[in-house]
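Contents: one structure, followed by commentary.
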Amino acid sequence: MSEKLRIRQAIVVEGRYDAAKLADLVDAPIFTTNGFGIFRDKEMQELLRRLGRRRGLILLTDSDAAGFRIRRFLTDLVGADRVAQAYIPAVPGKESRKAAPSKEGTLGVEGLPPAVLRQALEQAGASLCAPREGRAITCTDLYEFGLSGTQGSAQARRALLARIGLPPRLSKNALCHVLNTLYTYEEFCQMLTEKPVLFWDFHGTLAEHDPIWYDAARLAIERLCPGRPVDYQRIRRTFHQSNLLWWKPVTGEERRLCTPDAWWAFFEQEFRWIFSQCGYTTEESAAIASAIRPIIVQPSWHRLKPDAVSTLAALQKRGYRQYLLSNNFPETPQVVEGLGLAPYFSGMIVSALVGYDKPQKGIFRLALEQAGNPSCAYMIGDNPSDDLAGAAAAGLVPVGVAEAAHAPQAQLGSETLTGLLELFA
């Protein structure tokens with residue numbers, strides 16, 4: 001048998017028998033479309049896009065109508081500039097394993113002689129490459145790195161796949177195959193030893209959420225308007241009808257609110273409107289609005305999740321750098337410090353201080369710059385839109401907690417903060 005062709009591009013064929021035939025001819029990564037299954041397989045589509053960007057693809061489909069339909073789909077998906085077209089002749093015949101010939105009566109890739117396939121690859125412009133430098137990544141390596149066959153390996157493997165943008169359900173053999181197309185062994189080791197940076201949302205993730213604002217309003221009313229009934233539900237409804245930035249971001253407008261006094265002046269104006277809609281006089285509404293700030297900025301007013309401190313401490317001990325990334329009021333860093341969380345963060349990025357709100361890309365860009373533009377970063381949060389979708393659009397891995405653990409925007413998730421320790425093992 002002649003020496004195998006070492007080809008740089010990844011080769012895409014339709015089925016496993018095609019792949020088996022080609023494996024005897026070439027030393028190259030080979031992937032199958034499972035026939036028309038590629039049209040529904042979003043994970044394989046994303047993998048082929050990534051391989052196309054990294055090393056280019058060669059499409060080697062059958063010469064019938066179905067093969068050309070798959071070829072056109074993948075060319076549009078990956079981009080014509082990243083795809084080489086390898087065509088085989090339409091030779092009449094039937095593969096020996098089949099009871100009947102194909103619909104068009106021609107041989108597919110698996111039924112053609114190796115010389116014909118080799119010629120098709122060469123005519124397509126297959127890039128021959130030198131023998132691999134260094135050794136390949138093996139299943140034993142996956143085991144030794146805790147990615148296969150050990151406690152927590154499934155979660156660790158899923159976290160790695162999310163980090164490098166690969167389908168989450170790759171088997172260990174498929175994972176080795178793909179990793180060897182993307183990385184050398186040395187690059188793979190370096191990637192595993194470099195921990196991603198963790199960005200944390202605050203309210204709803206590390207601390208309880210919205211009731212702090214409604215409760216602050218109720219306390220201010222009880223102090224300033226004693227004896228007046230408080231329609232708590234009406235206050236909640238009116239808060240959500242207002243123009244408060246953490247519910248309804250005003251694109252670009254936040255940048256004019258980058259001093260604490262300016263930020264609070266805007267919000268107190270909104271608070272006055274809220275309380276006037278709830279039946280309080282102009283004077284009462286102004287007084288209540290001014291009374292909220294001194295309440296909210298007290299650390300004791302904020303309730304941490306019971307496993308917040310232990311989770312942050314454990315991840316810090318494992319060597320993760322952590323940052324706070326929050327849509328919140330200007331005094332949030334002082335509150336976080338008063339709650340005892342500051343030692344666990346390398347920095348804090350707060351919307352009221354930088355002039356951008358999640359999910360705007362601007363706040364994620366500033367956060368990544370402050371962290372030194374890490375090669376990989378995770379955003380941990382409870383809001384599917386602001387935290388997760390916003391992070392994904394900015395190139396971070398979105399990690400959902402609480403109910404967002406099951407949100408479609410989450411690449412990874414845990415209902416509890418403690419559960420993240422296993423995820424980031």
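Starting from 1 in every chain, residues are counted up; chains themselves are A, B, ... following the order of the structure tokens, and ligands are numbered from 1 as listed.
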Can you check which parts of range 79-125 of chain A lie within 10 Å of range 22-25 of chain A? Per residue, the shortest pair of atoms and distance in Å to one decimal, counting only C-alpha atoms, sorted by chain and number, as a Markdown table.
| residue | atom | partner | partner_atom | distance |
| --- | --- | --- | --- | --- |
| A:Val109 | CA | A:Leu22 | CA | 8.3 |
| A:Glu110 | CA | A:Leu22 | CA | 7.8 |
| A:Pro114 | CA | A:Leu25 | CA | 6.8 |
| A:Ala115 | CA | A:Leu25 | CA | 9.1 |
| A:Leu117 | CA | A:Leu22 | CA | 8.0 |
| A:Arg118 | CA | A:Leu25 | CA | 7.5 |
DSSP alpha helix (DSSP H) residues within range 41-281 of chain A, as a PyMOL selection string
chain A and resi 42-54+65-78+114-123+139-144+153-164+172-182+185-193+211-224+232-241+260-277
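For the atom pair formed by CA of Leu341 in chain A and CA of Asp201 in chain A, the distance is 12.7 Å, given to one decimal.
Within range 129-349 of chain A, residues classed as strand (DSSP E or B) by DSSP on backbone coordinates are Val197, Leu198, Phe199, Trp200, His203, Ala207, Leu304, Gln322, Tyr323, Leu324, Leu325, Ser326, Gly347, Met348 and Ile349 of chain A.
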Keeping only N, CA and C atoms, write the selected residues as a tab-separated table (two decimals), in the first residue's frame.
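Okay, this is what ended up in selection-v3.tsv:
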chain	number	residue	atom	x	y	z
A	197	VAL	N	-10.83	33.44	33.27
A	197	VAL	CA	-11.24	34.46	34.23
A	197	VAL	C	-12.74	34.35	34.44
A	198	LEU	N	-13.17	34.51	35.68
A	198	LEU	CA	-14.59	34.42	36.03
A	198	LEU	C	-15.14	35.81	36.32
A	199	PHE	N	-16.20	36.20	35.62
A	199	PHE	CA	-16.92	37.43	35.89
A	199	PHE	C	-18.26	37.08	36.54
A	200	TRP	N	-18.58	37.78	37.63
A	200	TRP	CA	-19.76	37.48	38.42
A	200	TRP	C	-20.77	38.63	38.38
A	203	HIS	N	-26.53	41.04	42.14
A	203	HIS	CA	-27.90	40.74	42.59
A	203	HIS	C	-28.53	39.65	41.74
A	207	ALA	N	-26.19	37.65	45.48
A	207	ALA	CA	-27.08	38.23	46.50
A	207	ALA	C	-28.51	38.18	45.99
A	304	LEU	N	-26.80	38.12	51.09
A	304	LEU	CA	-26.01	37.21	50.26
A	304	LEU	C	-26.66	35.84	50.17
A	322	GLN	N	-11.17	36.43	39.69
A	322	GLN	CA	-12.59	36.72	39.67
A	322	GLN	C	-12.84	38.23	39.69
A	323	TYR	N	-13.85	38.64	38.94
A	323	TYR	CA	-14.24	40.05	38.87
A	323	TYR	C	-15.75	40.16	39.04
A	324	LEU	N	-16.16	41.26	39.65
A	324	LEU	CA	-17.58	41.57	39.72
A	324	LEU	C	-17.96	42.36	38.48
A	325	LEU	N	-19.07	42.01	37.84
A	325	LEU	CA	-19.55	42.72	36.65
A	325	LEU	C	-21.06	42.89	36.81
A	326	SER	N	-21.48	44.09	37.24
A	326	SER	CA	-22.85	44.26	37.73
A	326	SER	C	-23.51	45.51	37.15
A	347	GLY	N	-11.13	42.88	40.72
A	347	GLY	CA	-11.63	44.16	40.27
A	347	GLY	C	-13.15	44.13	40.21
A	348	MET	N	-13.76	45.32	40.13
A	348	MET	CA	-15.21	45.44	40.06
A	348	MET	C	-15.58	46.42	38.95
A	349	ILE	N	-16.47	45.97	38.07
A	349	ILE	CA	-16.96	46.80	36.98
A	349	ILE	C	-18.46	46.98	37.21
Open item on the list: Show me, as an MDAnalysis selection string, the residues that have an atom within 8 Å of Thr32 in chain A when counting only C-alpha atoms, minus same-chain residues fewer than 5 positions from it.
Closed with: chainID A and resid 12:16 19
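As for CA of Cys189 in chain A and CA of Gly52 in chain A, they are spaced 23.2 Å apart.
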### Message
Need the shell around Glu186 in chain A: protein/DNA/RNA residues with any atom at most 9 Å away, counting only C-alpha atoms. Skip same-chain ones fewer than 3 positions apart. Format as an MDAnalysis selection string?
### Response
chainID A and resid 134:135 183 189:191
Non-local contacts of Gly111 in chain A (8 Å; only C-alpha atoms; under 4 positions in same chain excluded) as a VMD selection string
chain A and resid 94 to 95 107
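Residues within 8 Å of Val397 in chain A, counting only C-alpha atoms and excluding same-chain residues fewer than 6 positions away, are Ala162, Arg163, Cys376, Ala377, Tyr378, Met379, Ala391 and Gln411 of chain A.
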Filtering to C-alpha atoms, could you give me those residues as a JSON list (two decimals), in the first residue's frame?
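In the end it all went to part23.json:
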[["chain", "number", "residue", "atom", "x", "y", "z"],
["A", 162, "ALA", "CA", -17.88, 25.17, 25.98],
["A", 163, "ARG", "CA", -14.65, 27.07, 26.56],
["A", 376, "CYS", "CA", -11.00, 32.73, 27.90],
["A", 377, "ALA", "CA", -13.55, 34.24, 30.28],
["A", 378, "TYR", "CA", -16.82, 33.04, 31.81],
["A", 379, "MET", "CA", -19.81, 35.23, 32.77],
["A", 391, "ALA", "CA", -21.77, 37.63, 27.40],
["A", 411, "GLN", "CA", -23.66, 27.01, 27.67]]
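Distances to Leu423 in chain A were evaluated for A:Ser153, A:Ser171, A:Asn180, A:Gln360 using only C-alpha atoms, and the minimum falls at A:Ser153.
Counting only C-alpha atoms and comparing A:Ile88, A:Ala65, A:Cys278, A:Val78, the residue that lies closest to Glu104 in chain A is A:Ala65.
Residues with any atom within 9 Å of Gly108 in chain A, counting only C-alpha atoms and excluding same-chain neighbours fewer than 6 positions away, are A:Asp18, A:Thr61, A:Asp62, A:Ser63, A:Asp64, A:Ile88, A:Ala90, A:Val91, A:Lys94, A:Glu95, A:Ser102.
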Among A:Arg272, A:Arg54, A:Arg6, A:Arg223, Phe239 in chain A is approached most closely, using only C-alpha atoms, by A:Arg272
